[in-house]
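Inspection log for the structure reproduced underneath, given as structure tokens.
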There are 2 protein chains.
Amino acid sequence: MATGQSWRRALPSLPILDWGRRYDRDTLVSDGVAALIVTVMLIPQSLAYALLAGLPPEVGLYASVAPLLLYALFGTSRALAVGPVAVVSLMTAAAVGEHAAPGSAAYWPVAITLAFLSGAMLLAMGLLRLGFVANFLSHPVISGFISASGLLIAASQLKTLMGVQADGHNLVDLLAALVRQAPNTHLLTLAIGVLATAFLFWVRKGLKPLLRGWGLGPRLADILTKAGPVAAIAVTTGLTWALDWQAQGVKIVGSIPQGLPPFTLPSFDPALWRELAVPALLISVVGFVESVSVGQTLAAKRRQRIEPDQELVALGASNLGAAFTGGFPVTGGFSRSVVNFDAGAQTPAAGIYTAAGILLATLLLTPVLYHLPQATLAATIIVAVLSLVDLGILKRTWVYAKPDFIAVAATLLATLGLGVETGLVVGVSISLALYLHRTSRPHIATVGLVPGTEHFRNVLRHAVQVDPAILSLRVDESLYFANARALEDHVNDAMAAQPGLRHVVLQCSAINAIDASALESLEAIAHRLRDAGLQLHLSEVKGPVMDRLARTDFLQHLPGQVFLTQYQAWTALRGSSADTQPPPTRGTAACG
Amino acid sequence: MATGQSWRRALPSLPILDWGRRYDRDTLVSDGVAALIVTVMLIPQSLAYALLAGLPPEVGLYASVAPLLLYALFGTSRALAVGPVAVVSLMTAAAVGEHAAPGSAAYWPVAITLAFLSGAMLLAMGLLRLGFVANFLSHPVISGFISASGLLIAASQLKTLMGVQADGHNLVDLLAALVRQAPNTHLLTLAIGVLATAFLFWVRKGLKPLLRGWGLGPRLADILTKAGPVAAIAVTTGLTWALDWQAQGVKIVGSIPQGLPPFTLPSFDPALWRELAVPALLISVVGFVESVSVGQTLAAKRRQRIEPDQELVALGASNLGAAFTGGFPVTGGFSRSVVNFDAGAQTPAAGIYTAAGILLATLLLTPVLYHLPQATLAATIIVAVLSLVDLGILKRTWVYAKPDFIAVAATLLATLGLGVETGLVVGVSISLALYLHRTSRPHIATVGLVPGTEHFRNVLRHAVQVDPAILSLRVDESLYFANARALEDHVNDAMAAQPGLRHVVLQCSAINAIDASALESLEAIAHRLRDAGLQLHLSEVKGPVMDRLARTDFLQHLPGQVFLTQYQAWTALRGSSADTQPPPTRGTAACG
């Protein structure tokens, strides 16, 4: 990458200046239609996720205005729909719940502060170009974490479905609390909730084929299907109002204040900041990963690109926006973004129109939602999050690679059993530990010449020519501190096992780097071989590795030579060796 | 390695059964001479390191009996001299100092408990074959840590040299305390200490050439040089006794109880265990690394082998032995082991004779040491530890590789500024983070055909043939979660930059593994290329990687082929490509 370009890319940019200039009427229509559909979908979701986060429902609407506008200014994805999402709302509940009781006056300000810290961290990471940090969340960890979060969220909604109080930040506590509360179940609430859930599942699975059967186009059928929650809300709200179910004990959303999102300030208490720092970081990273994954997937479908570091800036601005307008942590959500994309959103302007739609709803629509049963919202959450649960990953990773399976299973169990924050930290730690463990035990193959060629292959897999005076080793890993000793041990064992040995050749074709520790190990190996009257040679050393070795005195003290190819080493050393041409033979040397 | 052997090696062994069977008179003489020399060296060292650890001097003698006997039973090194060592004593002082004041009655039991926990951990690690954990301490981290510890120890001894009280677990605190105490310096103590230090430095640098000049053999000259501390102790003890310097305020070792090491028990307070767990683990790992490094170096000189997992068992037993006989954490020390080796120790029996010598000293010699000035012991420590300080590593790593330099510098500064435990944790964390960061940004070379050969090389380094319809990429790193996205980005950028592209070939010769995350990235890449009408091919996939891919449906859905060699891919795809043979040209494709 050219230096000039790097320098320019180090500054945050305003992508709106790019697409805004070419904005035309067709794009306006496309964006407007997409925005309308997303708005209809977002209203119940934002209310539901605010409740999931332990906040009053209107906070969900507040978090769906300023963040969308700011993302439209700074974001690079054309179709990402920013706002409250399930997993981040759950993490918010876990983090804020440590500092204030849900429903208490102290709760909302902590959520605002969390959004502020998360926004500041995302912005800082973007400006420092630390987007790569998200790469350390492996697919197995993300998958296990999202599935476990989905199960936790679904379990947490059961209390609303049952009309009881039950809390807990892990599955065991939650289920235990639900079982204790089971006798207090409010049957009418349960009936509403279960029917709504069943209806929504049917909408997902059965409605689309039905609509297609009636002759509707696939796109329209898809969009009508996504409007299922709105139907559930309309029907249950209407029934609750008409039959006065509130008087019978059904919990409703109640009065939502009408008006613009308020101007709010985060707390500047350093003690609170310290305690929220880790949850804010975890929320930032999870939100960023979710957002970037969906953004990249959608961009690639149109051969567009998103810029991860710029996305950090945009998400940072969105969360800061949420903090100053009474919201809570937000990110780019999977399902809404896909709907936005499928509905034809061409530019981030669709987000601006969606924000306008939500603002209108905040000003005008809230009285209509007064009789909306909370159980209906719980049903929409349950149906949404269960689609995130993918336990098939356990089987797929089991078949493909055990370390990945361990990472999935550990993340899943730790998240379910110990809560979202611990679960995520456990998952990341285990996946890194497994990677380090693998690289610390490199595959070291003893290689021999494939007869009739200049190629060298593993003596255990191929019928190759070997020479009792020459040991050719190929290390299939870069050499660094964690595996340097493994090579020393391997060479020591080989020396002891092969008494006629005179030359050891390290074929370095798979060695992409040699760090200072590994250099010391190579020096130790060379020294020991020299003490024992043997020579150490290198072959096929890559350019950058050679450049670095040339800065030390290692090559001067090497008791052997550096060969361009393994074949040249073999030819030269066989000539010097006392033994003459043994017949091709299946090698017998040990292979670690 | 054969399964049967692995199974046998999973059990701890008794190496004494091996060498003990062949023990003869010659070996007895060699071992006896070595033991005598090591005993003479160990007496002052054990007293001094006990004082460094904040313990009464006799505890150093106790820690030099049972541990040596147990190591002789279980250890695999023929020459390792186990006992109190400088760095572990400093770490002991830092850990125990958190729980009791040095000199208080509560202090010693905590040190015993620390030895017990450390022993139990080492034993457990040995039985679980976790010796590889020590590999994660890189040479730069060890080097920075040992140098910083040496400086900290030397600074901590200045107070004894000055005859004042001053404490602190980092360099800044220590030096500040010393400056505050400077007016109280006891001048006679300072004179003894400074002269003893100067004498010992001279013995190290100047005595050996002098003795050689007098015609002594190199080995004898070497051994006499190592006896320097004994001379300093004899002279200053004699003068202190004769001139009654104690009455003038010179602090002396005083009365050391005569008799066998006592039988002691560690504390079984779970709260204390919890708090000592991390320090005990750090002491275990540092002690193990120091011990194994010196053991391996000495074993290699005689083409012998040591068994790291068995060494863990032996050091575990030694520390448990220390805990039950009034000692404190021990390990194999560098300087004494080298002396033992050079003096001709053939088997661990030398350790048994040394233990007997120390036992005799404990029973008989302690009255003689009554008038030994503490300043002399401080001088022996200062001279010993300053030889551990190697600041040249900073320059060497700066020249060789910046990440290694950062690891050394960070470990050094953190240890000096924040103390031994934090320093070590910072060093390990930084070195792992730097490694992960490097592997997360793999070198991806665009390769082309070297004319007249079947070899493919980086287009930026070589004049090679390329084809505008074919992009050949060689990733110089195994693919795993942290770098999977980098490959996706690289391919996306390349797709956008090369409009005539029809085929992307990944040359997998340096890819030793593909984890589940990287597999998903490859699937995403294949999918995007297919969507854009391009094909993805693989070449030179290693056997184990191919075996694993074959367990998934990736290869069935691959929109291209898997070629045995990059050259076969090139030949096949050129044939299918519309363009015909452009002339050899210096490639222009981007290189990440």
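Ligands are numbered from 1 in the order shown, chains are lettered A, B, ... in the order of the structure tokens, and residues start at 1 in each chain.
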Within 8 Å of chain B: each chain A residue with its shortest pair, only C-alpha atoms, as JSON lines:
{"residue": "A:Met1", "atom": "CA", "partner": "B:Gly592", "partner_atom": "CA", "distance": 6.7}
{"residue": "A:Asn135", "atom": "CA", "partner": "B:Ala482", "partner_atom": "CA", "distance": 4.6}
{"residue": "A:Phe136", "atom": "CA", "partner": "B:Ala482", "partner_atom": "CA", "distance": 5.0}
{"residue": "A:Leu137", "atom": "CA", "partner": "B:Phe481", "partner_atom": "CA", "distance": 7.3}
{"residue": "A:Ser138", "atom": "CA", "partner": "B:Phe481", "partner_atom": "CA", "distance": 4.8}
{"residue": "A:His139", "atom": "CA", "partner": "B:Ser517", "partner_atom": "CA", "distance": 4.9}
{"residue": "A:Pro140", "atom": "CA", "partner": "B:Ser517", "partner_atom": "CA", "distance": 6.8}
{"residue": "A:Ala300", "atom": "CA", "partner": "B:Arg528", "partner_atom": "CA", "distance": 6.5}
{"residue": "A:Lys301", "atom": "CA", "partner": "B:Arg528", "partner_atom": "CA", "distance": 7.2}
{"residue": "A:Arg303", "atom": "CA", "partner": "B:Ala532", "partner_atom": "CA", "distance": 7.6}
{"residue": "A:Arg305", "atom": "CA", "partner": "B:Asn492", "partner_atom": "CA", "distance": 7.9}
{"residue": "A:Thr397", "atom": "CA", "partner": "B:Ala516", "partner_atom": "CA", "distance": 6.7}
{"residue": "A:Val399", "atom": "CA", "partner": "B:Arg551", "partner_atom": "CA", "distance": 6.9}
{"residue": "A:Tyr400", "atom": "CA", "partner": "B:Arg548", "partner_atom": "CA", "distance": 6.2}
{"residue": "A:Ala401", "atom": "CA", "partner": "B:Asp515", "partner_atom": "CA", "distance": 7.0}
{"residue": "A:Asp404", "atom": "CA", "partner": "B:Ala516", "partner_atom": "CA", "distance": 6.3}
{"residue": "A:Ser440", "atom": "CA", "partner": "B:Asn135", "partner_atom": "CA", "distance": 7.7}
{"residue": "A:Asp476", "atom": "CA", "partner": "B:Asn512", "partner_atom": "CA", "distance": 6.1}
{"residue": "A:Glu477", "atom": "CA", "partner": "B:Asn512", "partner_atom": "CA", "distance": 6.9}
{"residue": "A:Ser478", "atom": "CA", "partner": "B:Glu477", "partner_atom": "CA", "distance": 8.0}
{"residue": "A:Phe481", "atom": "CA", "partner": "B:Ser138", "partner_atom": "CA", "distance": 4.9}
{"residue": "A:Ala482", "atom": "CA", "partner": "B:Asn135", "partner_atom": "CA", "distance": 4.6}
{"residue": "A:Asn483", "atom": "CA", "partner": "B:Asn135", "partner_atom": "CA", "distance": 6.9}
{"residue": "A:Ala484", "atom": "CA", "partner": "B:Asn135", "partner_atom": "CA", "distance": 7.9}
{"residue": "A:Arg485", "atom": "CA", "partner": "B:Asn135", "partner_atom": "CA", "distance": 6.9}
{"residue": "A:Asn492", "atom": "CA", "partner": "B:Arg305", "partner_atom": "CA", "distance": 7.8}
{"residue": "A:Ala496", "atom": "CA", "partner": "B:Arg303", "partner_atom": "CA", "distance": 7.8}
{"residue": "A:Ser509", "atom": "CA", "partner": "B:Ala510", "partner_atom": "CA", "distance": 7.3}
{"residue": "A:Ala510", "atom": "CA", "partner": "B:Ala510", "partner_atom": "CA", "distance": 4.9}
{"residue": "A:Ile511", "atom": "CA", "partner": "B:Ala510", "partner_atom": "CA", "distance": 7.8}
{"residue": "A:Asn512", "atom": "CA", "partner": "B:Asp476", "partner_atom": "CA", "distance": 6.1}
{"residue": "A:Asp515", "atom": "CA", "partner": "B:Ala401", "partner_atom": "CA", "distance": 7.0}
{"residue": "A:Ala516", "atom": "CA", "partner": "B:Asp404", "partner_atom": "CA", "distance": 6.3}
{"residue": "A:Ser517", "atom": "CA", "partner": "B:His139", "partner_atom": "CA", "distance": 4.9}
{"residue": "A:Glu520", "atom": "CA", "partner": "B:His139", "partner_atom": "CA", "distance": 7.9}
{"residue": "A:Arg528", "atom": "CA", "partner": "B:Ala300", "partner_atom": "CA", "distance": 6.4}
{"residue": "A:Asp531", "atom": "CA", "partner": "B:Lys301", "partner_atom": "CA", "distance": 7.3}
{"residue": "A:Ala532", "atom": "CA", "partner": "B:Arg303", "partner_atom": "CA", "distance": 7.5}
{"residue": "A:Arg548", "atom": "CA", "partner": "B:Tyr400", "partner_atom": "CA", "distance": 6.2}
{"residue": "A:Leu549", "atom": "CA", "partner": "B:Tyr400", "partner_atom": "CA", "distance": 7.6}
{"residue": "A:Arg551", "atom": "CA", "partner": "B:Tyr400", "partner_atom": "CA", "distance": 6.4}
{"residue": "A:Thr552", "atom": "CA", "partner": "B:Tyr400", "partner_atom": "CA", "distance": 6.9}
{"residue": "A:Ala590", "atom": "CA", "partner": "B:Met1", "partner_atom": "CA", "distance": 7.4}
{"residue": "A:Cys591", "atom": "CA", "partner": "B:Met1", "partner_atom": "CA", "distance": 7.6}
{"residue": "A:Gly592", "atom": "CA", "partner": "B:Met1", "partner_atom": "CA", "distance": 6.8}
Which residues are close to segment 61-75 of chain A, i.e. within 7 Å by only C-alpha atoms, leaving aside same-chain residues fewer than 5 positions away? Reply as a PDB file with N, CA and C atoms, in the first residue's frame.
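Generated output (part.pdb):
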ATOM      1  N   LEU A  14     -15.685  11.656   5.515  1.00  0.00           N
ATOM      2  CA  LEU A  14     -17.132  11.847   5.513  1.00  0.00           C
ATOM      3  C   LEU A  14     -17.688  11.219   4.233  1.00  0.00           C
ATOM      4  N   PRO A  15     -18.010   9.927   4.278  1.00  0.00           N
ATOM      5  CA  PRO A  15     -18.466   9.253   3.046  1.00  0.00           C
ATOM      6  C   PRO A  15     -19.686   9.937   2.436  1.00  0.00           C
ATOM      7  N   ILE A  16     -20.451  10.681   3.252  1.00  0.00           N
ATOM      8  CA  ILE A  16     -21.655  11.335   2.711  1.00  0.00           C
ATOM      9  C   ILE A  16     -21.290  12.298   1.583  1.00  0.00           C
ATOM     10  N   SER A  46     -37.377  -1.643  18.652  1.00  0.00           N
ATOM     11  CA  SER A  46     -36.683  -0.707  19.533  1.00  0.00           C
ATOM     12  C   SER A  46     -37.339  -0.677  20.912  1.00  0.00           C
ATOM     13  N   LEU A  47     -38.674  -0.773  20.941  1.00  0.00           N
ATOM     14  CA  LEU A  47     -39.358  -0.852  22.239  1.00  0.00           C
ATOM     15  C   LEU A  47     -38.935  -2.118  22.982  1.00  0.00           C
ATOM     16  N   VAL A  82     -28.493   0.871  11.699  1.00  0.00           N
ATOM     17  CA  VAL A  82     -27.977   0.989  13.062  1.00  0.00           C
ATOM     18  C   VAL A  82     -29.144   1.195  14.018  1.00  0.00           C
ATOM     19  N   GLY A  83     -28.972   0.756  15.255  1.00  0.00           N
ATOM     20  CA  GLY A  83     -30.001   0.945  16.278  1.00  0.00           C
ATOM     21  C   GLY A  83     -29.850  -0.079  17.376  1.00  0.00           C
ATOM     22  N   PRO A  84     -30.850  -0.190  18.271  1.00  0.00           N
ATOM     23  CA  PRO A  84     -30.768  -1.192  19.332  1.00  0.00           C
ATOM     24  C   PRO A  84     -30.783  -2.589  18.718  1.00  0.00           C
ATOM     25  N   PRO A 261     -36.462  13.234  21.385  1.00  0.00           N
ATOM     26  CA  PRO A 261     -35.512  12.636  22.332  1.00  0.00           C
ATOM     27  C   PRO A 261     -34.907  13.734  23.197  1.00  0.00           C
ATOM     28  N   GLN A 310     -13.048   3.133   9.444  1.00  0.00           N
ATOM     29  CA  GLN A 310     -14.049   4.190   9.311  1.00  0.00           C
ATOM     30  C   GLN A 310     -15.364   3.752   9.969  1.00  0.00           C
ATOM     31  N   GLU A 311     -15.671   2.459   9.889  1.00  0.00           N
ATOM     32  CA  GLU A 311     -16.868   1.937  10.564  1.00  0.00           C
ATOM     33  C   GLU A 311     -16.772   2.151  12.069  1.00  0.00           C
ATOM     34  N   ALA A 314     -17.713   5.635  12.692  1.00  0.00           N
ATOM     35  CA  ALA A 314     -19.147   5.842  12.516  1.00  0.00           C
ATOM     36  C   ALA A 314     -19.942   5.267  13.693  1.00  0.00           C
ATOM     37  N   LEU A 315     -19.568   4.059  14.121  1.00  0.00           N
ATOM     38  CA  LEU A 315     -20.280   3.462  15.252  1.00  0.00           C
ATOM     39  C   LEU A 315     -19.988   4.243  16.531  1.00  0.00           C
ATOM     40  N   ALA A 317     -19.420   7.504  16.695  1.00  0.00           N
ATOM     41  CA  ALA A 317     -20.265   8.698  16.626  1.00  0.00           C
ATOM     42  C   ALA A 317     -21.717   8.341  16.951  1.00  0.00           C
ATOM     43  N   SER A 318     -22.187   7.190  16.457  1.00  0.00           N
ATOM     44  CA  SER A 318     -23.568   6.770  16.714  1.00  0.00           C
ATOM     45  C   SER A 318     -23.809   6.586  18.206  1.00  0.00           C
ATOM     46  N   ASN A 319     -22.873   5.937  18.885  1.00  0.00           N
ATOM     47  CA  ASN A 319     -23.067   5.691  20.311  1.00  0.00           C
ATOM     48  C   ASN A 319     -22.943   6.974  21.124  1.00  0.00           C
ATOM     49  N   GLY A 321     -23.829   9.814  19.955  1.00  0.00           N
ATOM     50  CA  GLY A 321     -25.125  10.411  19.677  1.00  0.00           C
ATOM     51  C   GLY A 321     -26.209   9.829  20.582  1.00  0.00           C
ATOM     52  N   ALA A 322     -26.181   8.503  20.756  1.00  0.00           N
ATOM     53  CA  ALA A 322     -27.159   7.860  21.643  1.00  0.00           C
ATOM     54  C   ALA A 322     -27.019   8.410  23.060  1.00  0.00           C
ATOM     55  N   THR A 325     -28.647  11.814  23.571  1.00  0.00           N
ATOM     56  CA  THR A 325     -30.077  11.948  23.274  1.00  0.00           C
ATOM     57  C   THR A 325     -30.886  10.873  24.002  1.00  0.00           C
ATOM     58  N   GLY A 326     -30.435  10.525  25.185  1.00  0.00           N
ATOM     59  CA  GLY A 326     -31.219   9.637  26.036  1.00  0.00           C
ATOM     60  C   GLY A 326     -31.289   8.203  25.566  1.00  0.00           C
ATOM     61  N   GLY A 327     -30.304   7.762  24.770  1.00  0.00           N
ATOM     62  CA  GLY A 327     -30.352   6.400  24.256  1.00  0.00           C
ATOM     63  C   GLY A 327     -29.489   5.440  25.056  1.00  0.00           C
ATOM     64  N   PHE A 328     -29.166   4.319  24.446  1.00  0.00           N
ATOM     65  CA  PHE A 328     -28.288   3.317  25.061  1.00  0.00           C
ATOM     66  C   PHE A 328     -27.481   2.671  23.939  1.00  0.00           C
ATOM     67  N   PRO A 348     -26.773   5.458   2.548  1.00  0.00           N
ATOM     68  CA  PRO A 348     -27.094   5.667   3.968  1.00  0.00           C
ATOM     69  C   PRO A 348     -28.239   6.662   4.169  1.00  0.00           C
ATOM     70  N   ALA A 349     -28.669   7.351   3.099  1.00  0.00           N
ATOM     71  CA  ALA A 349     -29.808   8.255   3.253  1.00  0.00           C
ATOM     72  C   ALA A 349     -31.032   7.502   3.749  1.00  0.00           C
ATOM     73  N   GLY A 351     -31.108   5.479   6.047  1.00  0.00           N
ATOM     74  CA  GLY A 351     -31.049   5.589   7.513  1.00  0.00           C
ATOM     75  C   GLY A 351     -31.597   6.919   7.991  1.00  0.00           C
ATOM     76  N   ILE A 352     -31.337   7.990   7.211  1.00  0.00           N
ATOM     77  CA  ILE A 352     -31.846   9.315   7.603  1.00  0.00           C
ATOM     78  C   ILE A 352     -33.372   9.314   7.565  1.00  0.00           C
ATOM     79  N   ALA A 355     -34.707   7.395  10.496  1.00  0.00           N
ATOM     80  CA  ALA A 355     -34.647   8.216  11.708  1.00  0.00           C
ATOM     81  C   ALA A 355     -35.818   9.189  11.736  1.00  0.00           C
ATOM     82  N   ILE A 358     -38.934   7.292  12.720  1.00  0.00           N
ATOM     83  CA  ILE A 358     -38.984   6.991  14.158  1.00  0.00           C
ATOM     84  C   ILE A 358     -39.321   8.262  14.932  1.00  0.00           C
ATOM     85  N   LEU A 359     -38.744   9.372  14.478  1.00  0.00           N
ATOM     86  CA  LEU A 359     -39.012  10.656  15.155  1.00  0.00           C
ATOM     87  C   LEU A 359     -40.507  10.973  15.074  1.00  0.00           C
ATOM     88  N   THR A 362     -42.254   8.818  17.504  1.00  0.00           N
ATOM     89  CA  THR A 362     -42.041   9.306  18.873  1.00  0.00           C
ATOM     90  C   THR A 362     -42.985  10.465  19.166  1.00  0.00           C
TER      91      THR A 362
END
**Item:** strand (DSSP E) residues, from DSSP on the backbone, in segment 242-479 of chain A, as a list in words
**Value:**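 Put together, the selection reads Thr331, Gly332, Ile444, Ala445, Thr446, Val447, Gly448, Leu449, Phe456, Arg457, Asn458, Ile470, Leu471, Ser472, Leu473, Arg474 and Val475 of chain A.
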**Request:** May I ask for the distance between atom CA of Leu42 of chain B and atom CA of Ala94 of chain B, given in Å to one decimal place?
**Result:**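 Going from atom CA of Leu42 of chain B over to atom CA of Ala94 of chain B, I get 22.9 Å.
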**Message:** Using only C-alpha atoms, which protein or nucleic acid residues come within 6 Å of segment 445-449 of chain A? Drop anything in the same chain fewer than 4 positions from it, and give the result as a PyMOL selection string.
**Reply:** chain A and resi 455-459+464-466+472-474+591
**Message:** Which residues are close to segment 177-186 of chain B, i.e. within 7 Å by only C-alpha atoms, leaving aside same-chain residues fewer than 2 positions away? Reply as a ChimeraX atom specification.
**Reply:** /B:159,162-164,166-167,173-175,188-190
Could the residues in this selection be saved with all heavy atoms as a CSV table (one decimal), in the first residue's frame?
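Result file is result.csv:
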chain,number,residue,atom,x,y,z
B,159,LYS,N,21.2,-1.0,51.0
B,159,LYS,CA,20.9,-0.7,52.3
B,159,LYS,C,21.7,-1.4,53.4
B,159,LYS,O,22.1,-0.8,54.4
B,159,LYS,CB,19.4,-0.9,52.6
B,159,LYS,CG,18.9,-2.4,52.6
B,159,LYS,CD,17.5,-2.5,53.1
B,159,LYS,CE,17.1,-3.9,53.4
B,159,LYS,NZ,16.8,-4.7,52.1
B,162,MET,N,25.1,0.1,53.4
B,162,MET,CA,25.1,1.4,54.0
B,162,MET,C,24.7,1.3,55.5
B,162,MET,O,24.8,2.2,56.3
B,162,MET,CB,24.1,2.3,53.4
B,162,MET,CG,24.5,2.7,51.9
B,162,MET,SD,23.0,3.3,51.0
B,162,MET,CE,22.6,4.8,51.9
B,163,GLY,N,24.3,0.1,55.9
B,163,GLY,CA,23.9,-0.1,57.3
B,163,GLY,C,22.6,0.6,57.7
B,163,GLY,O,22.5,1.1,58.8
B,164,VAL,N,21.7,0.8,56.8
B,164,VAL,CA,20.4,1.5,57.1
B,164,VAL,C,19.2,0.5,56.8
B,164,VAL,O,19.4,-0.5,56.2
B,164,VAL,CB,20.3,2.8,56.3
B,164,VAL,CG1,21.4,3.7,56.6
B,164,VAL,CG2,20.3,2.5,54.8
B,166,ALA,N,15.8,0.3,54.5
B,166,ALA,CA,15.1,0.9,53.4
B,166,ALA,C,14.4,-0.2,52.6
B,166,ALA,O,15.1,-1.2,52.3
B,166,ALA,CB,16.1,1.7,52.5
B,167,ASP,N,13.1,0.0,52.3
B,167,ASP,CA,12.4,-1.1,51.6
B,167,ASP,C,11.7,-0.5,50.4
B,167,ASP,O,11.4,0.7,50.3
B,167,ASP,CB,11.4,-1.8,52.5
B,167,ASP,CG,12.2,-2.8,53.4
B,167,ASP,OD1,13.0,-3.5,52.8
B,167,ASP,OD2,11.9,-2.8,54.6
B,173,ASP,N,11.0,3.3,44.4
B,173,ASP,CA,10.8,3.3,45.8
B,173,ASP,C,12.1,3.0,46.6
B,173,ASP,O,12.4,3.6,47.6
B,173,ASP,CB,9.8,2.2,46.2
B,173,ASP,CG,8.4,2.6,45.8
B,173,ASP,OD1,8.2,3.7,45.2
B,173,ASP,OD2,7.5,1.8,46.0
B,174,LEU,N,12.8,2.0,46.1
B,174,LEU,CA,14.1,1.6,46.7
B,174,LEU,C,15.1,2.7,46.8
B,174,LEU,O,15.6,3.0,47.8
B,174,LEU,CB,14.7,0.4,46.0
B,174,LEU,CG,14.5,-1.0,46.5
B,174,LEU,CD1,15.0,-2.0,45.5
B,174,LEU,CD2,15.2,-1.1,47.8
B,175,LEU,N,15.3,3.3,45.6
B,175,LEU,CA,16.3,4.4,45.5
B,175,LEU,C,15.9,5.6,46.3
B,175,LEU,O,16.7,6.2,47.0
B,175,LEU,CB,16.6,4.8,44.1
B,175,LEU,CG,17.2,3.6,43.2
B,175,LEU,CD1,17.5,4.1,41.8
B,175,LEU,CD2,18.5,3.2,43.9
B,188,LEU,N,31.6,2.7,59.0
B,188,LEU,CA,32.4,1.5,59.0
B,188,LEU,C,31.8,0.3,58.2
B,188,LEU,O,32.5,-0.4,57.5
B,188,LEU,CB,32.6,1.0,60.5
B,188,LEU,CG,33.5,-0.2,60.7
B,188,LEU,CD1,34.8,-0.1,60.1
B,188,LEU,CD2,33.6,-0.5,62.2
B,189,THR,N,30.5,0.1,58.4
B,189,THR,CA,29.7,-0.9,57.6
B,189,THR,C,29.9,-0.6,56.1
B,189,THR,O,30.3,-1.5,55.3
B,189,THR,CB,28.2,-0.8,57.9
B,189,THR,OG1,28.1,-1.0,59.3
B,189,THR,CG2,27.5,-1.9,57.1
B,190,LEU,N,29.8,0.7,55.7
B,190,LEU,CA,30.0,1.0,54.3
B,190,LEU,C,31.4,0.7,53.8
B,190,LEU,O,31.5,0.1,52.7
B,190,LEU,CB,29.7,2.5,54.1
B,190,LEU,CG,29.7,3.0,52.6
B,190,LEU,CD1,28.5,2.4,51.8
B,190,LEU,CD2,29.6,4.5,52.6
**Message:** Restricting the calculation to only C-alpha atoms: of A:Ser267, A:Ser118, A:Thr240, A:Asn170, which residue gets closest to His371 of chain A?
**Reply:**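 Using only C-alpha atoms, the shortest distance to His371 of chain A belongs to A:Thr240.
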**Item:** Residues within 6 Å of Val389 of chain B, only C-alpha atoms, excluding chain neighbours under 2 positions, as a list of chain:residue names
**Value:**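 The residues that qualify are B:Ser147, B:Gly150, B:Leu386, B:Ser387.
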May I have the residues from that selection written out with N, CA, C and O atoms, as a short mmCIF file (atom, residue, chain, number, x, y, z; two decimals), in the first residue's frame?
data_model
loop_
_atom_site.label_atom_id
_atom_site.label_comp_id
_atom_site.auth_asym_id
_atom_site.auth_seq_id
_atom_site.Cartn_x
_atom_site.Cartn_y
_atom_site.Cartn_z
N SER B 147 17.69 -9.32 34.03
CA SER B 147 18.51 -8.11 34.18
C SER B 147 17.87 -7.15 35.17
O SER B 147 18.54 -6.61 36.06
N GLY B 150 18.21 -8.45 38.62
CA GLY B 150 19.58 -8.24 39.10
C GLY B 150 19.78 -6.83 39.61
O GLY B 150 20.34 -6.61 40.70
N LEU B 386 25.04 -8.78 39.61
CA LEU B 386 25.35 -7.85 38.52
C LEU B 386 25.86 -8.59 37.29
O LEU B 386 25.73 -8.11 36.17
N SER B 387 26.39 -9.80 37.50
CA SER B 387 26.81 -10.58 36.33
C SER B 387 25.59 -11.08 35.54
O SER B 387 25.72 -11.50 34.40
#
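The shell of residues at most 10 Å from Pro56 of chain B, with only C-alpha atoms counted and near chain neighbours (fewer than 6 positions) removed, consists of Leu47, Ala48, Tyr49, Ala50, Pro102, Gly103, Trp108, Val253 and Ile256 of chain B.
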**Request:** Taking the DSSP assignment computed from this structure's backbone, write out as number ranges by chain all residues of segment 357-492 of chain A that belong to alpha helix (DSSP H).
**Result:** A: 357-360, 374-386, 392-400, 402-418, 420-440, 481-492
**Message:** Would you compute the distance between atom CA of Gln374 of chain A and atom CA of His169 of chain A? Give it in Å to one decimal.
**Reply:**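 Going from atom CA of Gln374 of chain A over to atom CA of His169 of chain A, I get 20.4 Å.
Residue neighbourhood of Lys208 of chain A, excluding near-sequence residues (fewer than 4 positions): Arg212, Ala221, Asp222 and Thr225 of chain A, at 7 Å, using only C-alpha atoms.
Atom CA of Pro266 of chain B to atom CA of Pro57 of chain B spans 19.4 Å [interatomic distance, one decimal].
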